[in-house]
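J.: Mind looking over this structure? Questions follow.
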Amino acid sequence: MYYLRVGRVQFIGRHHPLYPQEVELRERVLLSPVGLDLAGFQRLFPGVEERLEHFVTVIEHPTGRRVIGCVCLLPHFPGTGVGKLMQMAVDPQRQREGIGRELVAELERRAFGELSLSELFCHARNDAIPFYERMGWTIDGPQFIEAGIPHHRMVFRPPAQDPQ
Ligand SMILES: CC(C)(COP(=O)(O)OP(=O)(O)OC[C@H]1O[C@@H](n2cnc3c(N)ncnc32)[C@H](O)[C@@H]1OP(=O)(O)O)[C@@H](O)C(=O)NCCC(=O)NCCS
């Protein structure tokens with residue numbers, strides 16, 4: 001399926017003016033449904049928020065720029081060369097428009113390009129597994145419970161490059 005590109009993906013830090021909107025989206029879509037807020041996320045994953053790289057999809061709105069999607073990369077975790085995708089969320093009114101796909105593509109470009117990682121993994125909520133499978137990710141292990149809901153570890157390795 002082909003999508004019209006919605007908004008543009010921006011790479012931001014925690015001091016960027018759009019960061020509070022990213023946090024609001026994560027709390028609304030991911031965290032509050034499991035009884036958490038950002039502080040709860042930080043308790044669950046100590047020291048992680050400070051190390052995350054943040055990608056947001058931004059649209060121009062008459063009231064100003066608006067964040068409608070986000071994803072985060074935890075580079076070199078749990079060891080060198082591996083990265084964890086976390087906090088993938090798209091505004092419920094804008095899902096199934098290709099926004100999640102574009103965010104994952106941008107995160108993969110950063111991970112396998114600039115950072116030269118060799119593997120990405122995530123803890124996928126069971127509901128989101130078909131989405132990651134569409135992106136070429138595969139399940140890697142049995143179901144487990146995190147934040148009270150069932151998840152599977154999923155992995156992605158870039159296809160081997162032809163040596164030139
Ligand atoms: C999962 C989520 C990030 C997907 O984002 P999205 O912008 O809706 O996804 P896209 O429109 O880019 O979809 C890309 C592909 O995945 C498919 N897809 C997306 N969500 C799907 C789902 N729940 N079930 C089956 N397929 C799905 C789309 O149909 C599309 O397929 P295509 O390649 O045939 O076009 C979004 O639905 C979301 O925020 N969900 C709630 C939070 C969540 O579960 N986050 C993940 C936590 S691990």
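Lettering and numbering for the structure tokens are positional, with chains as A, B, ... in the shown order, residues counted from 1 in each chain, and ligands counted from 1 in the shown order.
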Would you pick out the contacts of Ile145 (chain A) at 12 Å or less, using only C-alpha atoms, so that residues sharing its chain but fewer than 4 positions from it are not included, and give the list as a ChimeraX atom specification?
T.: /A:34,123-126,149-153
J.: With N, CA, C and O atoms retained, export the selected residues as an mmCIF file, in the first residue's frame.
T.:
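Dumped everything to part_29.cif:
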```cif
data_model
loop_
_atom_site.group_PDB
_atom_site.id
_atom_site.type_symbol
_atom_site.label_atom_id
_atom_site.label_comp_id
_atom_site.auth_asym_id
_atom_site.auth_seq_id
_atom_site.Cartn_x
_atom_site.Cartn_y
_atom_site.Cartn_z
ATOM 1 N N VAL A 34 -2.005 1.902 30.867
ATOM 2 C CA VAL A 34 -1.476 0.864 31.774
ATOM 3 C C VAL A 34 -1.180 1.458 33.159
ATOM 4 O O VAL A 34 -0.393 0.899 33.938
ATOM 5 N N HIS A 123 10.206 -4.599 22.755
ATOM 6 C CA HIS A 123 9.206 -5.381 23.474
ATOM 7 C C HIS A 123 7.864 -4.959 22.898
ATOM 8 O O HIS A 123 7.345 -3.903 23.256
ATOM 9 N N ALA A 124 7.324 -5.767 21.998
ATOM 10 C CA ALA A 124 6.099 -5.398 21.285
ATOM 11 C C ALA A 124 4.871 -5.860 22.059
ATOM 12 O O ALA A 124 4.785 -7.039 22.431
ATOM 13 N N ARG A 125 3.954 -4.939 22.271
ATOM 14 C CA ARG A 125 2.654 -5.358 22.805
ATOM 15 C C ARG A 125 2.032 -6.302 21.781
ATOM 16 O O ARG A 125 2.155 -6.060 20.567
ATOM 17 N N ASN A 126 1.329 -7.308 22.267
ATOM 18 C CA ASN A 126 0.783 -8.292 21.320
ATOM 19 C C ASN A 126 -0.055 -7.633 20.218
ATOM 20 O O ASN A 126 0.022 -8.027 19.062
ATOM 21 N N ILE A 149 0.815 -6.051 30.765
ATOM 22 C CA ILE A 149 0.200 -6.550 29.527
ATOM 23 C C ILE A 149 1.162 -7.466 28.758
ATOM 24 O O ILE A 149 2.380 -7.324 28.857
ATOM 25 N N PRO A 150 0.589 -8.390 27.941
ATOM 26 C CA PRO A 150 1.438 -9.358 27.234
ATOM 27 C C PRO A 150 2.268 -8.724 26.116
ATOM 28 O O PRO A 150 1.762 -7.888 25.358
ATOM 29 N N HIS A 151 3.504 -9.139 26.035
ATOM 30 C CA HIS A 151 4.447 -8.632 25.029
ATOM 31 C C HIS A 151 5.224 -9.809 24.437
ATOM 32 O O HIS A 151 5.294 -10.876 25.028
ATOM 33 N N HIS A 152 5.855 -9.555 23.305
ATOM 34 C CA HIS A 152 6.874 -10.454 22.758
ATOM 35 C C HIS A 152 8.099 -9.617 22.395
ATOM 36 O O HIS A 152 7.956 -8.485 21.917
ATOM 37 N N ARG A 153 9.261 -10.207 22.603
ATOM 38 C CA ARG A 153 10.471 -9.570 22.076
ATOM 39 C C ARG A 153 10.446 -9.732 20.552
ATOM 40 O O ARG A 153 10.138 -10.812 20.031
#
```
J.: Grab me every residue within 9 Å of ligand 1, counting only C-alpha atoms and all ligand atoms, and send it over as number ranges by chain.
T.: A: 1-3, 26, 29-30, 69-71, 85-92, 94-104, 122-135, 151-152
J.: If you keep N, CA and C atoms, can you produce a file of those selected residues as a CSV table (one decimal), in the first residue's frame?
T.:
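Final output, result-v2.csv:
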```
chain,number,residue,atom,x,y,z
A,1,MET,N,0.8,-1.2,0.0
A,1,MET,CA,0.0,0.0,0.0
A,1,MET,C,0.9,1.3,0.0
A,2,TYR,N,0.5,2.3,-0.7
A,2,TYR,CA,1.3,3.5,-0.8
A,2,TYR,C,0.5,4.6,0.0
A,3,TYR,N,1.3,5.4,0.8
A,3,TYR,CA,0.7,6.4,1.6
A,3,TYR,C,1.2,7.8,1.1
A,26,ARG,N,2.8,10.2,24.5
A,26,ARG,CA,3.2,8.9,25.1
A,26,ARG,C,2.3,8.6,26.3
A,29,VAL,N,-1.4,7.7,24.8
A,29,VAL,CA,-1.5,6.5,24.0
A,29,VAL,C,-1.0,5.3,24.6
A,30,LEU,N,0.2,5.4,25.3
A,30,LEU,CA,0.9,4.2,25.8
A,30,LEU,C,0.8,4.1,27.3
A,69,GLY,N,3.0,11.7,16.3
A,69,GLY,CA,3.6,10.3,16.4
A,69,GLY,C,5.0,10.4,17.0
A,70,CYS,N,5.4,9.4,17.6
A,70,CYS,CA,6.7,9.4,18.2
A,70,CYS,C,7.3,7.9,18.3
A,71,VAL,N,8.6,7.9,18.4
A,71,VAL,CA,9.3,6.6,18.7
A,71,VAL,C,10.6,7.0,19.3
A,85,LEU,N,14.2,-0.3,20.4
A,85,LEU,CA,13.1,0.7,20.0
A,85,LEU,C,12.1,0.7,21.1
A,86,MET,N,11.7,1.9,21.5
A,86,MET,CA,10.8,2.1,22.7
A,86,MET,C,9.7,3.2,22.4
A,87,GLN,N,8.6,3.1,23.1
A,87,GLN,CA,7.7,4.3,23.1
A,87,GLN,C,7.2,4.7,21.7
A,88,MET,N,6.8,3.6,21.0
A,88,MET,CA,6.2,3.8,19.6
A,88,MET,C,4.7,4.2,19.8
A,89,ALA,N,4.3,5.4,19.3
A,89,ALA,CA,2.9,5.8,19.5
A,89,ALA,C,2.5,6.7,18.4
A,90,VAL,N,1.3,6.5,17.9
A,90,VAL,CA,0.7,7.4,16.9
A,90,VAL,C,-0.7,7.8,17.4
A,91,ASP,N,-1.0,9.1,17.2
A,91,ASP,CA,-2.3,9.6,17.7
A,91,ASP,C,-3.4,8.7,17.2
A,92,PRO,N,-4.3,8.3,18.0
A,92,PRO,CA,-5.4,7.4,17.6
A,92,PRO,C,-6.2,7.9,16.4
A,94,ARG,N,-4.9,9.4,13.9
A,94,ARG,CA,-4.1,9.4,12.7
A,94,ARG,C,-3.4,8.0,12.4
A,95,GLN,N,-3.9,7.0,13.1
A,95,GLN,CA,-3.3,5.7,12.8
A,95,GLN,C,-3.7,5.1,11.5
A,96,ARG,N,-2.9,4.2,11.0
A,96,ARG,CA,-3.1,3.5,9.7
A,96,ARG,C,-3.0,4.5,8.5
A,97,GLU,N,-2.2,5.6,8.7
A,97,GLU,CA,-1.9,6.5,7.6
A,97,GLU,C,-0.4,6.4,7.2
A,98,GLY,N,0.3,5.5,7.7
A,98,GLY,CA,1.7,5.3,7.3
A,98,GLY,C,2.7,6.1,8.3
A,99,ILE,N,2.2,6.7,9.3
A,99,ILE,CA,3.0,7.5,10.2
A,99,ILE,C,4.0,6.6,11.0
A,100,GLY,N,3.5,5.5,11.5
A,100,GLY,CA,4.3,4.6,12.3
A,100,GLY,C,5.4,4.0,11.4
A,101,ARG,N,5.1,3.6,10.2
A,101,ARG,CA,6.0,3.1,9.2
A,101,ARG,C,7.2,4.1,9.0
A,102,GLU,N,6.8,5.3,8.8
A,102,GLU,CA,7.8,6.4,8.5
A,102,GLU,C,8.8,6.6,9.7
A,103,LEU,N,8.2,6.5,10.9
A,103,LEU,CA,9.0,6.7,12.2
A,103,LEU,C,10.0,5.5,12.3
A,104,VAL,N,9.5,4.3,12.1
A,104,VAL,CA,10.4,3.2,12.2
A,104,VAL,C,11.5,3.2,11.2
A,122,CYS,N,12.7,-4.8,20.2
A,122,CYS,CA,11.7,-4.1,21.0
A,122,CYS,C,10.9,-5.1,21.8
A,123,HIS,N,10.2,-4.6,22.8
A,123,HIS,CA,9.2,-5.4,23.5
A,123,HIS,C,7.9,-5.0,22.9
A,124,ALA,N,7.3,-5.8,22.0
A,124,ALA,CA,6.1,-5.4,21.3
A,124,ALA,C,4.9,-5.9,22.1
A,125,ARG,N,4.0,-4.9,22.3
A,125,ARG,CA,2.7,-5.4,22.8
A,125,ARG,C,2.0,-6.3,21.8
A,126,ASN,N,1.3,-7.3,22.3
A,126,ASN,CA,0.8,-8.3,21.3
A,126,ASN,C,-0.1,-7.6,20.2
A,127,ASP,N,-0.8,-6.6,20.6
A,127,ASP,CA,-1.7,-5.9,19.6
A,127,ASP,C,-0.9,-5.3,18.4
A,128,ALA,N,0.4,-4.9,18.8
A,128,ALA,CA,1.2,-4.2,17.8
A,128,ALA,C,2.1,-5.2,16.9
A,129,ILE,N,2.1,-6.5,17.2
A,129,ILE,CA,2.9,-7.4,16.5
A,129,ILE,C,2.7,-7.4,15.0
A,130,PRO,N,1.5,-7.4,14.5
A,130,PRO,CA,1.3,-7.3,13.1
A,130,PRO,C,1.9,-6.1,12.4
A,131,PHE,N,1.9,-5.0,13.1
A,131,PHE,CA,2.5,-3.7,12.6
A,131,PHE,C,4.0,-4.0,12.4
A,132,TYR,N,4.7,-4.5,13.5
A,132,TYR,CA,6.2,-4.7,13.4
A,132,TYR,C,6.5,-5.7,12.3
A,133,GLU,N,5.6,-6.7,12.2
A,133,GLU,CA,5.8,-7.8,11.2
A,133,GLU,C,5.8,-7.1,9.8
A,134,ARG,N,4.9,-6.2,9.6
A,134,ARG,CA,4.8,-5.5,8.3
A,134,ARG,C,6.1,-4.7,8.0
A,135,MET,N,6.8,-4.3,9.1
A,135,MET,CA,8.1,-3.6,8.9
A,135,MET,C,9.2,-4.5,8.7
A,151,HIS,N,3.5,-9.1,26.0
A,151,HIS,CA,4.4,-8.6,25.0
A,151,HIS,C,5.2,-9.8,24.4
A,152,HIS,N,5.9,-9.6,23.3
A,152,HIS,CA,6.9,-10.5,22.8
A,152,HIS,C,8.1,-9.6,22.4
```
J.: Can you pull out the residues contacting Gly35 (chain A)? Cut-off 10 Å, using only C-alpha atoms, and skip same-chain residues under 5 positions away; I want them as a PyMOL selection string.
T.: chain A and resi 27+30+40-41+147-148
J.: Tell me which protein, DNA and RNA residues are within 8 Å of Leu73 (chain A), counting only C-alpha atoms, leaving out same-chain ones fewer than 6 positions away, and put them as a ChimeraX atom specification.
T.: /A:52-54,83-86,107
J.: Keeping only N, CA, C and O atoms, write those residues as an mmCIF file, in the first residue's frame.
T.:
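As a result, part_38.cif now contains:
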```
data_model
loop_
_atom_site.group_PDB
_atom_site.id
_atom_site.type_symbol
_atom_site.label_atom_id
_atom_site.label_comp_id
_atom_site.auth_asym_id
_atom_site.auth_seq_id
_atom_site.Cartn_x
_atom_site.Cartn_y
_atom_site.Cartn_z
ATOM 1 N N LEU A 52 17.524 8.162 25.827
ATOM 2 C CA LEU A 52 16.742 7.913 24.611
ATOM 3 C C LEU A 52 16.997 8.978 23.547
ATOM 4 O O LEU A 52 17.178 10.152 23.866
ATOM 5 N N GLU A 53 16.970 8.534 22.278
ATOM 6 C CA GLU A 53 16.916 9.465 21.159
ATOM 7 C C GLU A 53 15.455 9.533 20.733
ATOM 8 O O GLU A 53 14.786 8.498 20.632
ATOM 9 N N HIS A 54 14.953 10.738 20.496
ATOM 10 C CA HIS A 54 13.514 10.937 20.287
ATOM 11 C C HIS A 54 13.220 11.356 18.844
ATOM 12 O O HIS A 54 13.816 12.308 18.342
ATOM 13 N N GLY A 83 20.435 -1.978 19.627
ATOM 14 C CA GLY A 83 19.599 -0.863 20.076
ATOM 15 C C GLY A 83 18.196 -1.343 20.372
ATOM 16 O O GLY A 83 17.743 -2.355 19.826
ATOM 17 N N LYS A 84 17.518 -0.597 21.260
ATOM 18 C CA LYS A 84 16.135 -0.953 21.603
ATOM 19 C C LYS A 84 15.195 0.146 21.118
ATOM 20 O O LYS A 84 15.406 1.327 21.411
ATOM 21 N N LEU A 85 14.170 -0.258 20.373
ATOM 22 C CA LEU A 85 13.089 0.659 19.978
ATOM 23 C C LEU A 85 12.087 0.703 21.123
ATOM 24 O O LEU A 85 11.680 -0.343 21.629
ATOM 25 N N MET A 86 11.692 1.914 21.533
ATOM 26 C CA MET A 86 10.754 2.052 22.655
ATOM 27 C C MET A 86 9.741 3.162 22.364
ATOM 28 O O MET A 86 9.970 4.040 21.532
ATOM 29 N N LEU A 107 14.048 5.728 12.366
ATOM 30 C CA LEU A 107 14.833 5.155 13.484
ATOM 31 C C LEU A 107 15.837 4.129 12.952
ATOM 32 O O LEU A 107 16.994 4.086 13.383
#
```
J.: So which residues of chain A fall under strand (DSSP E) by DSSP, listed as a ChimeraX atom specification?
T.: /A:8-12,53-61,64-75,82-90,119-125,138-139,144-146,149-156
J.: For a test of reading the model, state the distance in Å between CA of Ile68 (chain A) and CA of Val56 (chain A), rounded to one decimal.
T.: 7.5 Å
J.: Counting only C-alpha atoms, which residue out of A:Arg28, A:Tyr19, A:Pro33, A:Leu44 sits closest to Arg65 (chain A)?
T.: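 Smallest distance to Arg65 (chain A) is found for A:Tyr19.
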J.: Which is closest to Ser118 (chain A) among A:Cys72, A:Val155, A:Ala39, A:Val48, if we use only C-alpha atoms?
T.: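 That would be A:Val155, the residue with the smallest distance to Ser118 (chain A).
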J.: Of the candidates A:Phe156, A:Pro62, A:Ile139, A:Phe11, which shows the shortest atom-to-atom distance to Arg110 (chain A), using only C-alpha atoms?
T.: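 Closest to Arg110 (chain A), using only C-alpha atoms: A:Phe11.
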